[in-house]
$ cat structure_35.tsv   # TSV, C-alpha atoms
chain	number	residue	atom	x	y	z
A	1	MET	CA	70.11	115.78	100.03
A	2	ILE	CA	72.78	113.10	99.82
A	3	ASN	CA	73.55	110.92	96.83
A	4	VAL	CA	76.88	109.18	97.40
A	5	VAL	CA	77.78	105.68	96.29
A	6	VAL	CA	81.06	103.99	97.27
A	7	LEU	CA	81.86	100.64	95.65
A	8	MET	CA	84.73	98.23	95.31
A	9	GLY	CA	84.63	95.36	92.86
A	10	ARG	CA	86.12	93.79	89.75
A	11	LEU	CA	85.59	94.91	86.17
A	12	VAL	CA	83.49	92.45	84.20
A	13	ALA	CA	85.04	93.43	80.84
A	14	ASP	CA	87.70	95.74	79.43
A	15	PRO	CA	86.46	99.35	79.48
A	16	GLU	CA	86.23	101.07	76.09
A	17	LEU	CA	86.85	104.80	75.68
A	18	LYS	CA	84.37	106.65	73.48
A	19	GLN	CA	83.91	110.30	72.49
A	20	THR	CA	80.68	112.26	72.44
A	21	ALA	CA	79.81	114.52	69.51
A	22	ASN	CA	81.22	117.41	71.56
A	23	GLY	CA	84.52	115.56	72.09
A	24	ALA	CA	84.01	114.57	75.74
A	25	SER	CA	85.52	111.23	76.76
A	26	VAL	CA	83.13	108.68	78.24
A	27	THR	CA	83.22	105.01	79.19
A	28	SER	CA	80.58	102.64	80.49
A	29	PHE	CA	81.48	99.43	82.27
A	30	ARG	CA	80.14	97.01	84.85
A	31	ILE	CA	81.72	95.82	88.06
A	32	ALA	CA	80.97	92.71	90.08
A	33	VAL	CA	80.56	93.50	93.78
A	34	ASP	CA	80.42	90.58	96.22
A	35	ARG	CA	77.58	90.52	98.70
A	36	ASN	CA	78.44	90.41	102.40
A	37	PHE	CA	76.75	87.05	102.93
A	38	ALA	CA	76.73	83.61	101.35
A	39	ASN	CA	73.75	81.70	99.96
A	40	LYS	CA	72.38	79.52	102.80
A	41	GLU	CA	71.64	76.58	100.52
A	42	THR	CA	74.82	76.46	98.43
A	43	GLY	CA	77.29	78.31	100.64
A	44	GLU	CA	78.38	80.36	97.62
A	45	ARG	CA	78.83	84.10	97.73
A	46	GLN	CA	76.77	86.00	95.24
A	47	ALA	CA	77.68	89.19	93.42
A	48	ASP	CA	75.77	92.17	92.12
A	49	PHE	CA	76.69	93.53	88.69
A	50	ILE	CA	76.54	97.31	88.76
A	51	SER	CA	76.68	99.64	85.75
A	52	ILE	CA	79.17	102.50	85.97
A	53	VAL	CA	79.66	105.57	83.75
A	54	ALA	CA	82.79	107.73	83.88
A	55	TRP	CA	83.34	111.00	82.05
A	56	ARG	CA	86.33	113.03	80.83
A	57	GLN	CA	89.61	112.49	82.74
A	58	THR	CA	88.05	109.81	84.92
A	59	ALA	CA	87.02	107.86	81.82
A	60	GLU	CA	90.50	108.20	80.32
A	61	PHE	CA	92.10	107.07	83.61
A	62	VAL	CA	89.88	103.97	83.83
A	63	CYS	CA	90.52	102.96	80.22
A	64	LYS	CA	94.26	103.45	80.54
A	65	TYR	CA	94.87	101.58	83.80
A	66	PHE	CA	92.08	99.03	84.30
A	67	ARG	CA	91.26	95.78	82.50
A	68	LYS	CA	88.81	92.92	82.87
A	69	GLY	CA	89.26	91.40	86.33
A	70	SER	CA	90.98	94.48	87.80
A	71	MET	CA	89.91	95.45	91.30
A	72	ILE	CA	88.61	99.03	91.38
A	73	ALA	CA	87.30	101.34	94.10
A	74	LEU	CA	85.10	104.23	93.13
A	75	GLU	CA	82.95	107.00	94.48
A	76	GLY	CA	80.09	108.57	92.60
A	77	SER	CA	76.37	109.22	92.54
A	78	LEU	CA	73.41	107.09	91.55
A	79	GLN	CA	71.47	108.29	88.51
A	80	THR	CA	68.43	106.99	86.69
A	81	ARG	CA	67.36	107.47	83.13
A	82	SER	CA	64.25	106.40	81.26
A	83	TYR	CA	64.13	105.05	77.73
A	84	GLU	CA	62.00	102.93	75.41
A	85	ASP	CA	63.28	99.51	74.37
A	86	LYS	CA	62.97	98.14	70.83
A	87	ASP	CA	59.47	96.80	71.62
A	88	GLY	CA	58.24	100.21	72.80
A	89	ASN	CA	58.27	99.31	76.51
A	90	LYS	CA	59.28	102.01	78.96
A	91	ARG	CA	62.43	101.07	80.90
A	92	THR	CA	64.50	102.66	83.64
A	93	ALA	CA	68.27	102.28	83.86
A	94	TYR	CA	70.20	102.74	87.11
A	95	GLU	CA	73.88	103.57	86.92
A	96	VAL	CA	76.60	105.04	89.07
A	97	VAL	CA	78.34	108.09	87.64
A	98	ALA	CA	81.90	107.76	88.92
A	99	SER	CA	83.57	110.94	90.16
A	100	ASN	CA	86.60	109.43	91.90
A	101	VAL	CA	88.34	106.18	90.94
A	102	SER	CA	91.18	104.45	92.81
A	103	PHE	CA	93.45	101.45	92.51
A	104	THR	CA	93.05	98.59	94.97
A	105	GLY	CA	95.05	95.42	95.35
A	106	SER	CA	98.53	94.86	93.99
A	107	LYS	CA	100.04	96.31	90.83
A	108	ALA	CA	100.20	92.86	89.20
A	109	GLU	CA	96.61	92.08	90.22
A	110	SER	CA	95.19	95.29	88.79
A	111	GLY	CA	96.89	94.77	85.43
A	112	THR	CA	98.23	98.30	85.27
A	113	ARG	CA	100.71	99.07	82.57
A	114	GLU	CA	102.59	102.15	83.67
A	115	VAL	CA	101.85	103.64	87.05
A	116	ALA	CA	104.74	106.12	86.75
A	117	SER	CA	102.86	108.29	84.25
A	118	PHE	CA	101.13	110.41	86.91
A	119	ASP	CA	101.79	114.12	86.66
A	120	VAL	CA	104.18	114.20	89.64
A	121	PRO	CA	107.53	115.71	88.68
A	122	ALA	CA	110.39	113.32	89.36
A	123	THR	CA	112.49	116.23	90.63
A	124	ALA	CA	110.15	116.61	93.60
A	125	PHE	CA	111.72	113.55	95.22
A	126	SER	CA	115.16	113.39	93.64
A	127	SER	CA	116.89	115.84	96.00
A	128	GLY	CA	115.76	114.16	99.25
A	129	SER	CA	118.14	112.61	101.76
A	130	ASN	CA	117.97	110.87	105.13
A	131	GLY	CA	118.72	114.23	106.76
A	132	ASP	CA	115.27	115.43	105.70
A	133	PHE	CA	113.67	113.12	108.27
A	134	GLU	CA	113.65	113.27	112.03
A	135	VAL	CA	113.39	110.43	114.55
A	136	VAL	CA	110.31	110.77	116.74
A	137	ASN	CA	110.72	109.51	120.29
A	138	ASP	CA	107.66	107.44	121.29
A	139	GLN	CA	107.89	108.42	124.98
A	140	ASP	CA	107.73	112.19	124.31
A	141	ASP	CA	104.15	112.58	122.95
A	142	ASP	CA	103.73	116.12	124.33
A	143	ASP	CA	105.74	117.65	121.46
A	144	LEU	CA	103.69	116.03	118.69
A	145	PRO	CA	101.30	118.37	116.83
A	146	PHE	CA	98.45	115.82	116.90
$ encode --input "structure_35.tsv" --output "structure tokens"
Amino acid sequence: MINVVVLMGRLVADPELKQTANGASVTSFRIAVDRNFANKETGERQADFISIVAWRQTAEFVCKYFRKGSMIALEGSLQTRSYEDKDGNKRTAYEVVASNVSFTGSKAESGTREVASFDVPATAFSSGSNGDFEVVNDQDDDDLPF
């Protein structure tokens, strides 16, 4: 069985990090995803507002780097849950549980604060030089490994 959802849209509001009773990080937010077509009568593009849930490190990443209006790309799975509303009516909620979240757009557009805080050691790139690279001749494709 396959349950994969891939979306790209803008956050409707600032995400808020919460903790479960067991200490797991979680955030719920909505994104606006434009439809591929415009309304025939008005010519305006419509959007769908989709509920997203992220857990643990993914939730912390979203809350640290994304704000209202930020463009976000995500991969996850669609889940449903049933509940009773305050009037006793049975309801079903549909939400995407995000497993992989990525930046899209420019740094200024996404509203990120400090992209350099990834766990990549700075020393991994500090000893590089131009001698580490080789010019590839476009006419000699037989030597390329792909």
$ residues_around --input "structure_35.tsv" --residues "stretch 91-102 of chain A" --least-positions-apart "6" --cutoff "10 Å" --atoms "only C-alpha atoms" --output "number ranges by chain"
A: 4-8, 28-30, 50-59, 61-62, 71-85
$ atom_distance --input "structure_35.tsv" --atom1 "atom CA of A:Lys68" --atom2 "atom CA of A:Asn22"
28.0 Å
$ residues_around --input "structure_35.tsv" --residues "A:Gly69" --least-positions-apart "3" --cutoff "7 Å" --atoms "all atoms listed in the file" --output "list in words"
Arg10, Leu11 and Val12 of chain A
$ closest_residue --input "structure_35.tsv" --among "A:Ala47, A:Leu17, A:Ile2, A:Cys63" --to "A:Val33" --atoms "all atoms listed in the file"
A:Ala47
$ atom_distance --input "structure_35.tsv" --atom1 "atom CA of A:Asp48" --atom2 "atom CA of A:Gly9"
9.4 Å
$ atom_distance --input "structure_35.tsv" --atom1 "atom CA of A:Ser25" --atom2 "atom CA of A:Ser70"
20.8 Å
$ closest_residue --input "structure_35.tsv" --among "A:Asn39, A:Glu60, A:Phe103, A:Gly88" --to "A:Val26" --atoms "all atoms listed in the file"
A:Glu60
